[in-house]
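Student: Provided below: protein.cif, containing mmCIF, C-alpha atoms and all ligand atoms.
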```cif
data_entry
loop_
_atom_site.label_atom_id
_atom_site.label_comp_id
_atom_site.auth_asym_id
_atom_site.auth_seq_id
_atom_site.Cartn_x
_atom_site.Cartn_y
_atom_site.Cartn_z
CA MET A 1 6.01 -36.42 150.52
CA GLU A 2 5.84 -34.26 147.41
CA LEU A 3 2.71 -32.71 145.95
CA ARG A 4 2.79 -30.82 142.67
CA ILE A 5 0.75 -27.67 143.13
CA ALA A 6 -0.34 -24.68 141.08
CA GLY A 7 -0.55 -22.53 144.18
CA ILE A 8 -2.18 -21.93 147.52
CA VAL A 9 -4.56 -19.38 149.02
CA PRO A 10 -3.91 -19.31 152.78
CA GLU A 11 -7.22 -17.73 153.80
CA SER A 12 -10.14 -18.01 151.37
CA VAL A 13 -13.82 -17.43 152.09
CA VAL A 14 -15.13 -18.57 148.68
CA ASP A 15 -14.01 -22.22 148.54
CA GLY A 16 -16.31 -23.75 151.15
CA PRO A 17 -17.65 -22.82 154.58
CA GLY A 18 -15.57 -20.64 156.86
CA ILE A 19 -12.02 -19.48 156.35
CA ARG A 20 -10.19 -22.10 154.33
CA PHE A 21 -6.65 -22.88 153.29
CA VAL A 22 -6.90 -23.78 149.61
CA VAL A 23 -4.43 -25.97 147.76
CA PHE A 24 -4.70 -25.91 143.98
CA VAL A 25 -3.00 -29.05 142.73
CA GLN A 26 -1.24 -29.09 139.37
CA GLY A 27 -2.27 -31.45 136.59
CA CYS A 28 -5.71 -32.22 135.23
CA PRO A 29 -6.76 -34.73 132.54
CA HIS A 30 -10.30 -33.43 132.08
CA HIS A 31 -9.79 -30.29 129.97
CA CYS A 32 -13.32 -29.01 130.52
CA PRO A 33 -14.20 -26.32 127.95
CA GLY A 34 -14.47 -23.02 129.83
CA CYS A 35 -12.28 -24.18 132.74
CA HIS A 36 -11.32 -21.24 134.96
CA ASN A 37 -7.94 -22.72 135.85
CA PRO A 38 -6.38 -23.82 132.53
CA ASP A 39 -2.89 -23.13 133.86
CA THR A 40 -3.37 -26.11 136.21
CA HIS A 41 -3.75 -28.68 133.41
CA ASP A 42 -0.08 -29.37 132.62
CA PHE A 43 1.16 -32.26 134.80
CA ASN A 44 4.68 -30.88 134.49
CA GLY A 45 3.76 -27.32 135.39
CA GLY A 46 3.40 -25.58 138.70
CA GLU A 47 5.83 -26.28 141.50
CA VAL A 48 6.63 -29.09 143.88
CA ALA A 49 5.62 -28.61 147.51
CA GLN A 50 6.23 -30.81 150.53
CA VAL A 51 3.06 -31.98 152.22
CA SER A 52 4.74 -31.47 155.60
CA ASP A 53 5.39 -27.80 154.73
CA LEU A 54 1.75 -27.29 153.76
CA VAL A 55 0.61 -28.89 157.02
CA ALA A 56 2.94 -26.60 158.98
CA GLN A 57 1.48 -23.55 157.23
CA ILE A 58 -2.06 -24.71 157.99
CA LYS A 59 -1.15 -25.37 161.62
CA ALA A 60 0.17 -21.79 161.91
CA LEU A 61 -3.21 -20.35 160.90
CA PRO A 62 -5.65 -20.98 163.78
CA PRO A 63 -8.58 -19.13 162.14
CA VAL A 64 -8.58 -21.63 159.29
CA ARG A 65 -11.56 -23.94 159.70
CA GLY A 66 -10.59 -26.39 157.02
CA VAL A 67 -8.69 -27.16 153.86
CA THR A 68 -10.01 -27.24 150.32
CA ILE A 69 -8.08 -29.31 147.81
CA SER A 70 -8.93 -28.07 144.35
CA GLY A 71 -7.34 -28.26 140.97
CA GLY A 72 -6.23 -29.43 138.73
CA GLU A 73 -7.35 -32.94 139.64
CA PRO A 74 -6.61 -33.96 143.25
CA PHE A 75 -7.30 -37.65 142.61
CA CYS A 76 -4.43 -37.78 140.09
CA GLN A 77 -2.15 -37.29 143.10
CA GLY A 78 -4.09 -39.54 145.41
CA GLN A 79 -1.23 -40.55 147.70
CA ALA A 80 -0.02 -37.02 148.44
CA CYS A 81 -3.53 -35.56 148.67
CA SER A 82 -4.73 -38.33 150.99
CA THR A 83 -1.68 -37.79 153.21
CA LEU A 84 -2.42 -34.07 153.31
CA ALA A 85 -6.09 -34.69 154.05
CA HIS A 86 -5.41 -37.10 156.90
CA GLU A 87 -2.86 -34.71 158.45
CA VAL A 88 -5.41 -31.89 158.22
CA LYS A 89 -7.99 -34.01 160.00
CA LYS A 90 -5.48 -34.72 162.77
CA LEU A 91 -5.42 -30.94 163.32
CA GLY A 92 -9.19 -31.04 163.88
CA LYS A 93 -9.96 -29.29 160.61
CA ASP A 94 -12.28 -30.43 157.84
CA VAL A 95 -11.50 -31.34 154.24
CA ILE A 96 -13.30 -30.42 151.02
CA VAL A 97 -12.11 -31.90 147.74
CA TYR A 98 -13.01 -30.89 144.20
CA SER A 99 -12.80 -33.45 141.41
CA GLY A 100 -13.59 -33.54 137.73
CA TYR A 101 -14.45 -37.21 138.16
CA THR A 102 -17.93 -38.13 139.31
CA TYR A 103 -18.35 -39.83 142.68
CA GLU A 104 -19.40 -43.00 140.90
CA GLN A 105 -16.19 -42.97 138.85
CA LEU A 106 -14.12 -42.36 141.98
CA ARG A 107 -15.75 -45.26 143.78
CA GLU A 108 -14.83 -47.53 140.89
CA MET A 109 -11.28 -46.14 140.81
CA ALA A 110 -10.98 -46.65 144.58
CA VAL A 111 -11.48 -50.40 144.23
CA GLY A 112 -8.04 -50.70 142.63
CA ASP A 113 -6.29 -47.77 144.29
CA HIS A 114 -6.15 -47.52 148.06
CA HIS A 115 -4.83 -43.95 147.87
CA ILE A 116 -8.05 -42.86 146.17
CA GLN A 117 -10.02 -44.77 148.79
CA ALA A 118 -7.99 -43.05 151.52
CA LEU A 119 -8.62 -39.61 150.06
CA LEU A 120 -12.34 -40.27 149.76
CA SER A 121 -12.47 -41.54 153.33
CA ALA A 122 -10.83 -38.32 154.59
CA THR A 123 -13.16 -36.07 152.60
CA GLU A 124 -16.05 -34.40 154.43
CA ILE A 125 -17.47 -32.87 151.26
CA LEU A 126 -16.68 -33.91 147.71
CA ILE A 127 -17.68 -31.54 144.90
CA ASP A 128 -17.73 -33.84 141.91
CA GLY A 129 -17.92 -33.85 138.16
CA PRO A 130 -16.51 -31.78 135.32
CA PHE A 131 -17.38 -28.16 134.71
CA LEU A 132 -20.04 -28.12 131.97
CA GLN A 133 -20.43 -24.77 130.23
CA GLU A 134 -24.01 -25.53 129.19
CA GLN A 135 -24.93 -26.01 132.87
CA ARG A 136 -22.94 -23.03 134.14
CA ASP A 137 -24.70 -21.34 137.08
CA LEU A 138 -23.04 -18.58 139.07
CA ASN A 139 -25.69 -18.77 141.80
CA LEU A 140 -24.71 -22.22 143.00
CA PRO A 141 -22.70 -22.18 146.22
CA PHE A 142 -19.14 -23.44 145.70
CA ARG A 143 -19.87 -24.90 142.25
CA GLY A 144 -19.57 -23.71 138.69
CA SER A 145 -22.17 -25.87 136.94
CA ALA A 146 -25.40 -27.55 137.93
CA ASN A 147 -24.19 -31.10 137.25
CA GLN A 148 -21.66 -30.80 140.07
CA ARG A 149 -22.83 -32.18 143.41
CA LEU A 150 -21.92 -31.74 147.06
CA ILE A 151 -21.49 -35.27 148.38
CA LYS A 152 -20.55 -36.51 151.84
CA PRO A 153 -18.64 -39.73 151.11
CA GLY A 154 -18.52 -40.67 154.79
CA GLU A 155 -22.32 -40.83 154.94
CA GLU A 156 -22.60 -43.25 152.06
CA GLY A 157 -21.68 -46.19 154.24
CA PHE A 158 -19.14 -47.34 151.64
CA PHE A 159 -15.91 -46.27 153.31
S1 LIG A 201 -11.76 -30.68 136.28
FE1 LIG A 201 -11.59 -28.57 137.06
S2 LIG A 201 -9.45 -27.99 136.69
FE2 LIG A 201 -9.85 -29.81 135.45
S3 LIG A 201 -10.44 -28.98 133.43
FE3 LIG A 201 -12.34 -29.35 134.60
S4 LIG A 201 -12.81 -27.38 135.59
FE4 LIG A 201 -10.65 -27.31 134.93
#
```
Now, as a test, write the supplied structure out as structure tokens.
Tutor:
Amino acid sequence: MELRIAGIVPESVVDGPGIRFVVFVQGCPHHCPGCHNPDTHDFNGGEVAQVSDLVAQIKALPPVRGVTISGGEPFCQGQACSTLAHEVKKLGKDVIVYSGYTYEQLREMAVGDHHIQALLSATEILIDGPFLQEQRDLNLPFRGSANQRLIKPGEEGFF
């Protein structure tokens, strides 16, 4: 299965707890003013990766505790990102997903899209909402602005 990506960071310590394999997906509809990754907005940019190749790379890195799927907007490629997330969980690693959508929006979207539901169900921690310049705060762990939340979808009892 193909996933359009902007790039990867095989071993990051700034995108969640522990050493993490980070996948920056390509394509984002939110266009937040002040976005730090504007090169990820174009849905035709980046490069095409195979999910199976990404999983093989992750498998070859035992120190990696988990995978962070960032963007771009992961939920715009729900099928490929949910496949990646479920394969990562089979390896015994955890999954963090960033989204410019709020959790409430994603729950509504999930009603009509089982790939979005599948990605939410595989997500240990969701960091939600757009980057808002007026709420920018560099002291927040793993977030850029104060409106963004760390949510555990699995503990909501919805999925
Ligand atoms: S959701 Fe993220 S990648 Fe997309 S525009 Fe906003 S800050 Fe940038």
Student: I want to know what sits within 12 Å of A:Pro29, based on all atoms listed in the file, with residues of the same chain fewer than 6 positions away left out; could you give that as a ChimeraX atom specification?
Tutor: /A:35,38,40-43,71-77,99-101,130
Student: Let's have the selection written as a tab-separated table (two decimals), keeping the file's coordinate frame, with C-alpha atoms.
Tutor:
```tsv
chain	number	residue	atom	x	y	z
A	35	CYS	CA	-12.28	-24.18	132.74
A	38	PRO	CA	-6.38	-23.82	132.53
A	40	THR	CA	-3.37	-26.11	136.21
A	41	HIS	CA	-3.75	-28.68	133.41
A	42	ASP	CA	-0.08	-29.37	132.62
A	43	PHE	CA	1.16	-32.26	134.80
A	71	GLY	CA	-7.34	-28.26	140.97
A	72	GLY	CA	-6.23	-29.43	138.73
A	73	GLU	CA	-7.35	-32.94	139.64
A	74	PRO	CA	-6.61	-33.96	143.25
A	75	PHE	CA	-7.30	-37.65	142.61
A	76	CYS	CA	-4.43	-37.78	140.09
A	77	GLN	CA	-2.15	-37.29	143.10
A	99	SER	CA	-12.80	-33.45	141.41
A	100	GLY	CA	-13.59	-33.54	137.73
A	101	TYR	CA	-14.45	-37.21	138.16
A	130	PRO	CA	-16.51	-31.78	135.32
```
Student: Grab all the atoms of ligand LIG 201 (chain A) that the file lists, wrap them in a box along x, y and z, add 5 Å per side, and give me centre plus edge lengths in Å (one decimal) as AutoDock Vina command-line options.
Tutor:
```
--center_x -11.1 --center_y -29.0 --center_z 135.2 --size_x 13.4 --size_y 13.4 --size_z 13.6
```
Student: Counting all atoms listed in the file, which of A:Leu132, A:Leu126, A:Val55, A:Leu106 gets nearest to ligand LIG 201 (chain A)?
Tutor: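 Checking each candidate against ligand LIG 201 (chain A), we get A:Leu132 as the closest.
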Student: Give me, as a list in words, all polymer residues having an atom no more than 12 Å from A:Lys59, counting only C-alpha atoms and skipping those fewer than 4 positions away in the same chain.
Tutor: Pro10, Phe21, Ser52, Asp53, Leu54, Val55, Pro63, Val64, Arg65, Gly66, Val67, Glu87, Val88, Lys89, Lys90, Leu91, Gly92 and Lys93 of chain A
Student: Write a file of the just-selected residues containing C-alpha atoms, as a CSV table (one decimal), in the coordinates of the input.
Tutor:
```
chain,number,residue,atom,x,y,z
A,10,PRO,CA,-3.9,-19.3,152.8
A,21,PHE,CA,-6.6,-22.9,153.3
A,52,SER,CA,4.7,-31.5,155.6
A,53,ASP,CA,5.4,-27.8,154.7
A,54,LEU,CA,1.8,-27.3,153.8
A,55,VAL,CA,0.6,-28.9,157.0
A,63,PRO,CA,-8.6,-19.1,162.1
A,64,VAL,CA,-8.6,-21.6,159.3
A,65,ARG,CA,-11.6,-23.9,159.7
A,66,GLY,CA,-10.6,-26.4,157.0
A,67,VAL,CA,-8.7,-27.2,153.9
A,87,GLU,CA,-2.9,-34.7,158.4
A,88,VAL,CA,-5.4,-31.9,158.2
A,89,LYS,CA,-8.0,-34.0,160.0
A,90,LYS,CA,-5.5,-34.7,162.8
A,91,LEU,CA,-5.4,-30.9,163.3
A,92,GLY,CA,-9.2,-31.0,163.9
A,93,LYS,CA,-10.0,-29.3,160.6
```
Student: Which residue out of A:Ile96, A:Leu140, A:Ala49, A:Leu150 has the minimum interatomic distance to A:Leu119 when only C-alpha atoms are used?
Tutor: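 Checking each candidate against A:Leu119, we get A:Ile96 as the closest.
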Student: What is the atom CA of A:Ala122-atom CA of A:Gly78 distance in Å, reported with one decimal?
Tutor: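 Taking atom CA of A:Ala122 and atom CA of A:Gly78, their separation equals 11.5 Å.
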Student: Which of these residues is nearest to ligand LIG 201 (chain A), using only C-alpha atoms and all ligand atoms: A:Met1, A:Leu120, A:Ile8, A:Ile127?
Tutor: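 Residue with the minimum atom-to-atom distance to ligand LIG 201 (chain A): A:Ile127.
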Student: Identify the residues within 12 Å of coordinate (-20.2, -45.0, 150.4) (same frame as the file), considering all atoms listed in the file, and give the answer as a PyMOL selection string.
Tutor: chain A and resi 103-104+106-108+110-111+117+120-121+123+126+151-159
Student: Calculate how many Å separate atom CA of A:Phe142 from atom CA of A:Val95, rounding to one decimal.
Tutor: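 Distance reported for this atom pair: 13.9 Å.
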Student: Given all atoms listed in the file as the basis, pick out the residue of A:Ile58, A:Arg20, A:Tyr98, A:Ile125 nearest to A:Gly144.
Tutor: A:Tyr98
Student: Any idea what the distance is between atom CA of A:Asp128 and atom CA of A:Ala60?
Tutor: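 Answer for the atom CA of A:Asp128 to atom CA of A:Ala60 separation: 29.4 Å.
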Student: Would you pick out the contacts of A:Gln50 at 12 Å or less, using all atoms listed in the file, so that residues sharing its chain but fewer than 4 positions from it are not included, and give the list as a list of chain:residue names?
Tutor: A:Met1, A:Glu2, A:Leu3, A:Arg4, A:Ile5, A:Leu54, A:Val55, A:Ala56, A:Gln57, A:Ala80, A:Cys81, A:Thr83, A:Leu84
Student: Create the file for the chosen residues now, containing C-alpha atoms and written as a CSV table (one decimal), in the frame of the given file.
Tutor:
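selection_1.csv was written with the following content:
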```csv
chain,number,residue,atom,x,y,z
A,1,MET,CA,6.0,-36.4,150.5
A,2,GLU,CA,5.8,-34.3,147.4
A,3,LEU,CA,2.7,-32.7,146.0
A,4,ARG,CA,2.8,-30.8,142.7
A,5,ILE,CA,0.8,-27.7,143.1
A,54,LEU,CA,1.8,-27.3,153.8
A,55,VAL,CA,0.6,-28.9,157.0
A,56,ALA,CA,2.9,-26.6,159.0
A,57,GLN,CA,1.5,-23.6,157.2
A,80,ALA,CA,0.0,-37.0,148.4
A,81,CYS,CA,-3.5,-35.6,148.7
A,83,THR,CA,-1.7,-37.8,153.2
A,84,LEU,CA,-2.4,-34.1,153.3
```
Student: Between A:Gly46, A:Gly112, A:Gly27, A:Pro141, which residue has the minimum interatomic distance to ligand LIG 201 (chain A), considering all atoms listed in the file?
Tutor: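 Nearest to ligand LIG 201 (chain A): A:Gly27.
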Student: Return the single residue from A:Val13, A:Asp113, A:Ala85, A:Gln26 that is closest to ligand LIG 201 (chain A), with distances computed using only C-alpha atoms and all ligand atoms.
Tutor: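 Ranked by minimum distance to ligand LIG 201 (chain A), first place goes to A:Gln26.
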